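Undergrad: Here it is, the structure in full.
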Amino acid sequence: MHPEVLAMTLSRTGRRPHRIVVIAPSPVSMFNLAIPEMLFEKVEIDGLPGYEVVVCTPEPGPITTTGGLTLEVPRGLEALDGADTVLIAGTGHRYLPDPRTVEAVREVAAAGLRVASICSGAFVLAEAGLLEGRSATTYWQLTQELRERYPALDVQGDVLYVQDGQVMTSSGYAAGIDLCLHMIRTDYGAAAANTVARLALVAPVRPGGQTQFTQTPLPPERGTACADTRGWAMRRLDQPLTLTDLARHAGVSVRTLTRRFHAESGVSPLQWLLHQRIERAKELLETTALPMDQVARACGLGTADSLRQHVVRRTGLTPSAYRAQFSRLGAA
């Protein structure tokens, strides 16, 4: 943040912005570094910055990235002085935490500061002893190693992020976005967090317990013999379609339809149909204010109870929670 902007914030509000200090390992994931700047720097409270973001590293100067580039980081760990939150960026790969970073993080945590990590940054927090007896997560490909190296941890392998007291950890890549939005919501409220999400063109705040594998796309279609029948079914999702109905439209036997459908879509006709019904339900939850029983009927899931069961299984959220998180009604 420019010094003049910081001074203006202090003079107008009597407070300084919340100071986020990001510690970059070497090599560092450029995406991990970009997330805090992209999100925290967009927060404005009464027209003034809500955060100041500072990047530092144990050895100031050039550091490498996981993509083979070189970044100049002029600040060392002395930048932690005056921090409100310390965020450890990750590499996306296995690495041994720098002892200087481990000691610095241990000290700021002892002083009561909030500490957090993205991706493999959790290994720094674990090495500092901050995760013993706590729940934590990391990138799913590294969860087993985290468990084995630090057996006192309660590693949650299939969530986006975890908050356990003053310590926060997130999974890899885009889950860092969810963690940062959660921090913004904690500091300044849901409206501020969702405003930032819209400005950054990312999903609104998602609950940390949501699975890392939030999307379940169908395999790519590999043929067109059943394309007309798929289109016909898509226009009739509100109707109680059966295998016999689909086969009759395609002009083939149920057995032949099933074989062709699987060859083209990678799933059975009824699996494909259920997927489309749930996707339609999600669309209606996002774009309408229809009551749950009407959403269920409109997408062919029958009842509100059935809608709830399928949406929870697919997204980890109840239909009402999904609507609250992803509704486009009234979005700017």
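Identifiers in the structure tokens: chain A, B, ... in order shown; residue index from 1 per chain; ligand index from 1 in order shown.
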Show which residues sit within 7 Å of Val73 in chain A, as a list in words. Count only C-alpha atoms, and ignore same-chain residues fewer than 6 positions away.
TA: Cys56, Thr57, Pro60, Gly61 and Pro62 of chain A
Undergrad: Go ahead and write the selection's residues with N, CA, C and O atoms as a PDB file, in the first residue's frame.
TA:
```pdb
ATOM      1  N   CYS A  56       7.043 -10.982   2.254  1.00  0.00           N
ATOM      2  CA  CYS A  56       8.416 -11.071   2.728  1.00  0.00           C
ATOM      3  C   CYS A  56       8.929 -12.492   2.549  1.00  0.00           C
ATOM      4  O   CYS A  56       8.177 -13.398   2.191  1.00  0.00           O
ATOM      5  N   THR A  57      10.207 -12.685   2.813  1.00  0.00           N
ATOM      6  CA  THR A  57      10.836 -13.990   2.644  1.00  0.00           C
ATOM      7  C   THR A  57      12.030 -14.064   3.599  1.00  0.00           C
ATOM      8  O   THR A  57      12.566 -13.015   3.995  1.00  0.00           O
ATOM      9  N   PRO A  60      15.875 -11.906   1.916  1.00  0.00           N
ATOM     10  CA  PRO A  60      15.428 -10.891   0.953  1.00  0.00           C
ATOM     11  C   PRO A  60      16.266 -10.912  -0.323  1.00  0.00           C
ATOM     12  O   PRO A  60      17.458 -11.206  -0.304  1.00  0.00           O
ATOM     13  N   GLY A  61      15.588 -10.614  -1.427  1.00  0.00           N
ATOM     14  CA  GLY A  61      16.257 -10.625  -2.729  1.00  0.00           C
ATOM     15  C   GLY A  61      15.506 -11.508  -3.691  1.00  0.00           C
ATOM     16  O   GLY A  61      14.302 -11.732  -3.549  1.00  0.00           O
ATOM     17  N   PRO A  62      16.186 -12.037  -4.691  1.00  0.00           N
ATOM     18  CA  PRO A  62      15.498 -12.859  -5.693  1.00  0.00           C
ATOM     19  C   PRO A  62      15.131 -14.232  -5.136  1.00  0.00           C
ATOM     20  O   PRO A  62      15.944 -14.869  -4.455  1.00  0.00           O
TER      21      PRO A  62
END
```
Undergrad: Give me the residues within 10 Å of range 195-202 of chain A as a short mmCIF file (atom, residue, chain, number, x, y, z; two decimals) with N, CA and C atoms, in the first residue's frame, counting only C-alpha atoms and dropping any in the same chain fewer than 2 places off.
TA:
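Wrote it out as result_17.cif, contents follow:
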```
data_model
loop_
_atom_site.label_atom_id
_atom_site.label_comp_id
_atom_site.auth_asym_id
_atom_site.auth_seq_id
_atom_site.Cartn_x
_atom_site.Cartn_y
_atom_site.Cartn_z
N MET A 38 -4.82 -10.14 -4.81
CA MET A 38 -6.03 -10.01 -5.63
C MET A 38 -7.26 -9.73 -4.78
N LEU A 39 -7.36 -10.35 -3.61
CA LEU A 39 -8.57 -10.25 -2.80
C LEU A 39 -8.49 -9.17 -1.73
N PHE A 40 -7.46 -9.22 -0.89
CA PHE A 40 -7.40 -8.27 0.22
C PHE A 40 -7.29 -6.82 -0.25
N GLU A 41 -6.56 -6.61 -1.34
CA GLU A 41 -6.38 -5.24 -1.83
C GLU A 41 -7.67 -4.66 -2.42
N LYS A 42 -8.68 -5.50 -2.65
CA LYS A 42 -9.95 -5.00 -3.19
C LYS A 42 -10.94 -4.60 -2.10
N VAL A 43 -10.60 -4.85 -0.86
CA VAL A 43 -11.52 -4.53 0.24
C VAL A 43 -11.46 -3.04 0.55
N GLU A 44 -12.61 -2.39 0.48
CA GLU A 44 -12.72 -0.98 0.87
C GLU A 44 -13.80 -0.85 1.93
N ALA A 174 -7.15 -23.00 -5.77
CA ALA A 174 -8.27 -22.08 -5.58
C ALA A 174 -8.85 -22.10 -4.18
N ILE A 177 -8.34 -19.03 -2.27
CA ILE A 177 -9.31 -17.96 -2.47
C ILE A 177 -10.42 -18.06 -1.43
N ASP A 178 -10.92 -19.28 -1.21
CA ASP A 178 -11.97 -19.47 -0.22
C ASP A 178 -11.50 -19.08 1.17
N LEU A 181 -11.33 -15.21 1.41
CA LEU A 181 -12.69 -14.65 1.50
C LEU A 181 -13.28 -14.91 2.89
N ILE A 184 -11.88 -12.27 5.12
CA ILE A 184 -12.53 -10.98 4.90
C ILE A 184 -13.91 -10.96 5.56
N ALA A 190 -20.02 -10.49 5.71
CA ALA A 190 -20.30 -11.24 4.47
C ALA A 190 -20.47 -10.32 3.27
N ALA A 191 -21.07 -9.14 3.48
CA ALA A 191 -21.30 -8.23 2.34
C ALA A 191 -19.96 -7.80 1.73
N ALA A 192 -18.99 -7.48 2.57
CA ALA A 192 -17.67 -7.08 2.06
C ALA A 192 -17.01 -8.23 1.32
N ALA A 193 -17.11 -9.45 1.87
CA ALA A 193 -16.48 -10.60 1.23
C ALA A 193 -17.12 -10.90 -0.11
N PRO A 204 -18.66 -16.80 -4.58
CA PRO A 204 -18.83 -16.20 -3.26
C PRO A 204 -18.25 -17.09 -2.17
N VAL A 205 -18.31 -16.58 -0.94
CA VAL A 205 -17.75 -17.32 0.19
C VAL A 205 -18.38 -18.70 0.28
N ALA A 331 -27.45 -9.40 -7.69
CA ALA A 331 -25.99 -9.20 -7.75
C ALA A 331 -25.66 -8.09 -8.72
N ALA A 332 -24.69 -7.28 -8.34
CA ALA A 332 -24.30 -6.17 -9.21
C ALA A 332 -23.50 -6.67 -10.38
#
```
Undergrad: DSSP on the backbone, then: every residue of range 11-116 of chain A marked strand (DSSP E or B), written as an MDAnalysis selection string.
TA: chainID A and resid 18:23 28 44:45 48:49 51:56 61:65 70:73 85:88 114:116
Undergrad: Determine, counting only C-alpha atoms, which protein, DNA and RNA residues have an atom within 6 Å of an atom of Arg308 in chain A; residues of the same chain fewer than 3 positions away are not included. Present the result as a ChimeraX atom specification.
TA: /A:305,311-312,318-319
Undergrad: Given only C-alpha atoms as the basis, pick out the residue of A:Ala263, A:Leu71, A:Cys180, A:Cys119 nearest to Gly157 in chain A.
TA: A:Cys119
Undergrad: Quick one: distance from CA of Ala116 in chain A to CA of Pro151 in chain A in Å, one decimal?
TA: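 These two atoms are separated by 19.7 Å.
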Undergrad: How many Å lie between CA of Val28 in chain A and CA of Tyr188 in chain A, rounded to one decimal?
TA: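 Pair CA of Val28 in chain A / CA of Tyr188 in chain A returns 28.7 Å.
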Undergrad: Identify, with DSSP run on backbone atoms, the residues in range 119-152 of chain A assigned to alpha helix (DSSP H), and express the list as a PyMOL selection string.
TA: chain A and resi 122-127+143-149
Undergrad: May I ask which of the residues A:Leu273, A:Val108, A:Cys226, A:Leu237 is the closest one to Arg297 in chain A, counting only C-alpha atoms?
TA: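 With only C-alpha atoms as the atom set, the closest residue is A:Leu237.
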Undergrad: So that I can see what lies close to range 129-139 of chain A, please list as a PyMOL selection string the residues with an atom at most 10 Å from it, counting only C-alpha atoms and leaving out residues fewer than 2 positions away in the same chain.
TA: chain A and resi 90+92-93+102+105-106+109-110+115+117-127+141-144+146-147+150-173+175+212
Undergrad: One number please: CA of Arg280 in chain A to CA of His262 in chain A, in Å, one decimal.
TA: 21.4 Å
Undergrad: May I have the residues within 10 Å of Glu78 in chain A as a short mmCIF file (atom, residue, chain, number, x, y, z; two decimals) with all heavy atoms, in the first residue's frame, using only C-alpha atoms and disregarding those fewer than 3 positions away in the same chain?
TA:
```cif
data_model
loop_
_atom_site.label_atom_id
_atom_site.label_comp_id
_atom_site.auth_asym_id
_atom_site.auth_seq_id
_atom_site.Cartn_x
_atom_site.Cartn_y
_atom_site.Cartn_z
N CYS A 56 7.04 -10.98 2.25
CA CYS A 56 8.42 -11.07 2.73
C CYS A 56 8.93 -12.49 2.55
O CYS A 56 8.18 -13.40 2.19
CB CYS A 56 8.53 -10.63 4.19
SG CYS A 56 7.77 -11.77 5.37
N THR A 57 10.21 -12.69 2.81
CA THR A 57 10.84 -13.99 2.64
C THR A 57 12.03 -14.06 3.60
O THR A 57 12.57 -13.02 3.99
CB THR A 57 11.28 -14.19 1.18
OG1 THR A 57 11.67 -15.54 0.97
CG2 THR A 57 12.42 -13.27 0.81
N PRO A 58 12.44 -15.26 4.02
CA PRO A 58 13.55 -15.34 4.97
C PRO A 58 14.85 -14.70 4.49
O PRO A 58 15.61 -14.14 5.28
CB PRO A 58 13.73 -16.85 5.17
CG PRO A 58 12.42 -17.44 4.81
CD PRO A 58 11.85 -16.58 3.75
N ARG A 75 11.79 -7.53 1.16
CA ARG A 75 11.60 -7.50 2.61
C ARG A 75 11.88 -8.86 3.23
O ARG A 75 11.50 -9.90 2.71
CB ARG A 75 10.16 -7.09 2.95
CG ARG A 75 9.80 -5.71 2.42
CD ARG A 75 8.54 -5.22 3.07
NE ARG A 75 8.09 -3.98 2.46
CZ ARG A 75 7.19 -3.17 3.00
NH1 ARG A 75 6.66 -3.47 4.17
NH2 ARG A 75 6.81 -2.08 2.41
N ASP A 81 6.87 -7.45 12.00
CA ASP A 81 6.59 -6.44 13.04
C ASP A 81 5.37 -5.63 12.63
O ASP A 81 5.32 -5.06 11.54
CB ASP A 81 7.79 -5.52 13.23
CG ASP A 81 8.98 -6.24 13.82
OD1 ASP A 81 8.77 -7.32 14.43
OD2 ASP A 81 10.11 -5.73 13.68
N GLY A 82 4.39 -5.57 13.49
CA GLY A 82 3.18 -4.81 13.18
C GLY A 82 2.14 -5.59 12.41
O GLY A 82 1.11 -5.03 12.03
N ALA A 104 9.98 -17.71 13.33
CA ALA A 104 9.25 -16.44 13.27
C ALA A 104 7.75 -16.67 13.42
O ALA A 104 7.06 -15.92 14.13
CB ALA A 104 9.56 -15.73 11.95
#
```
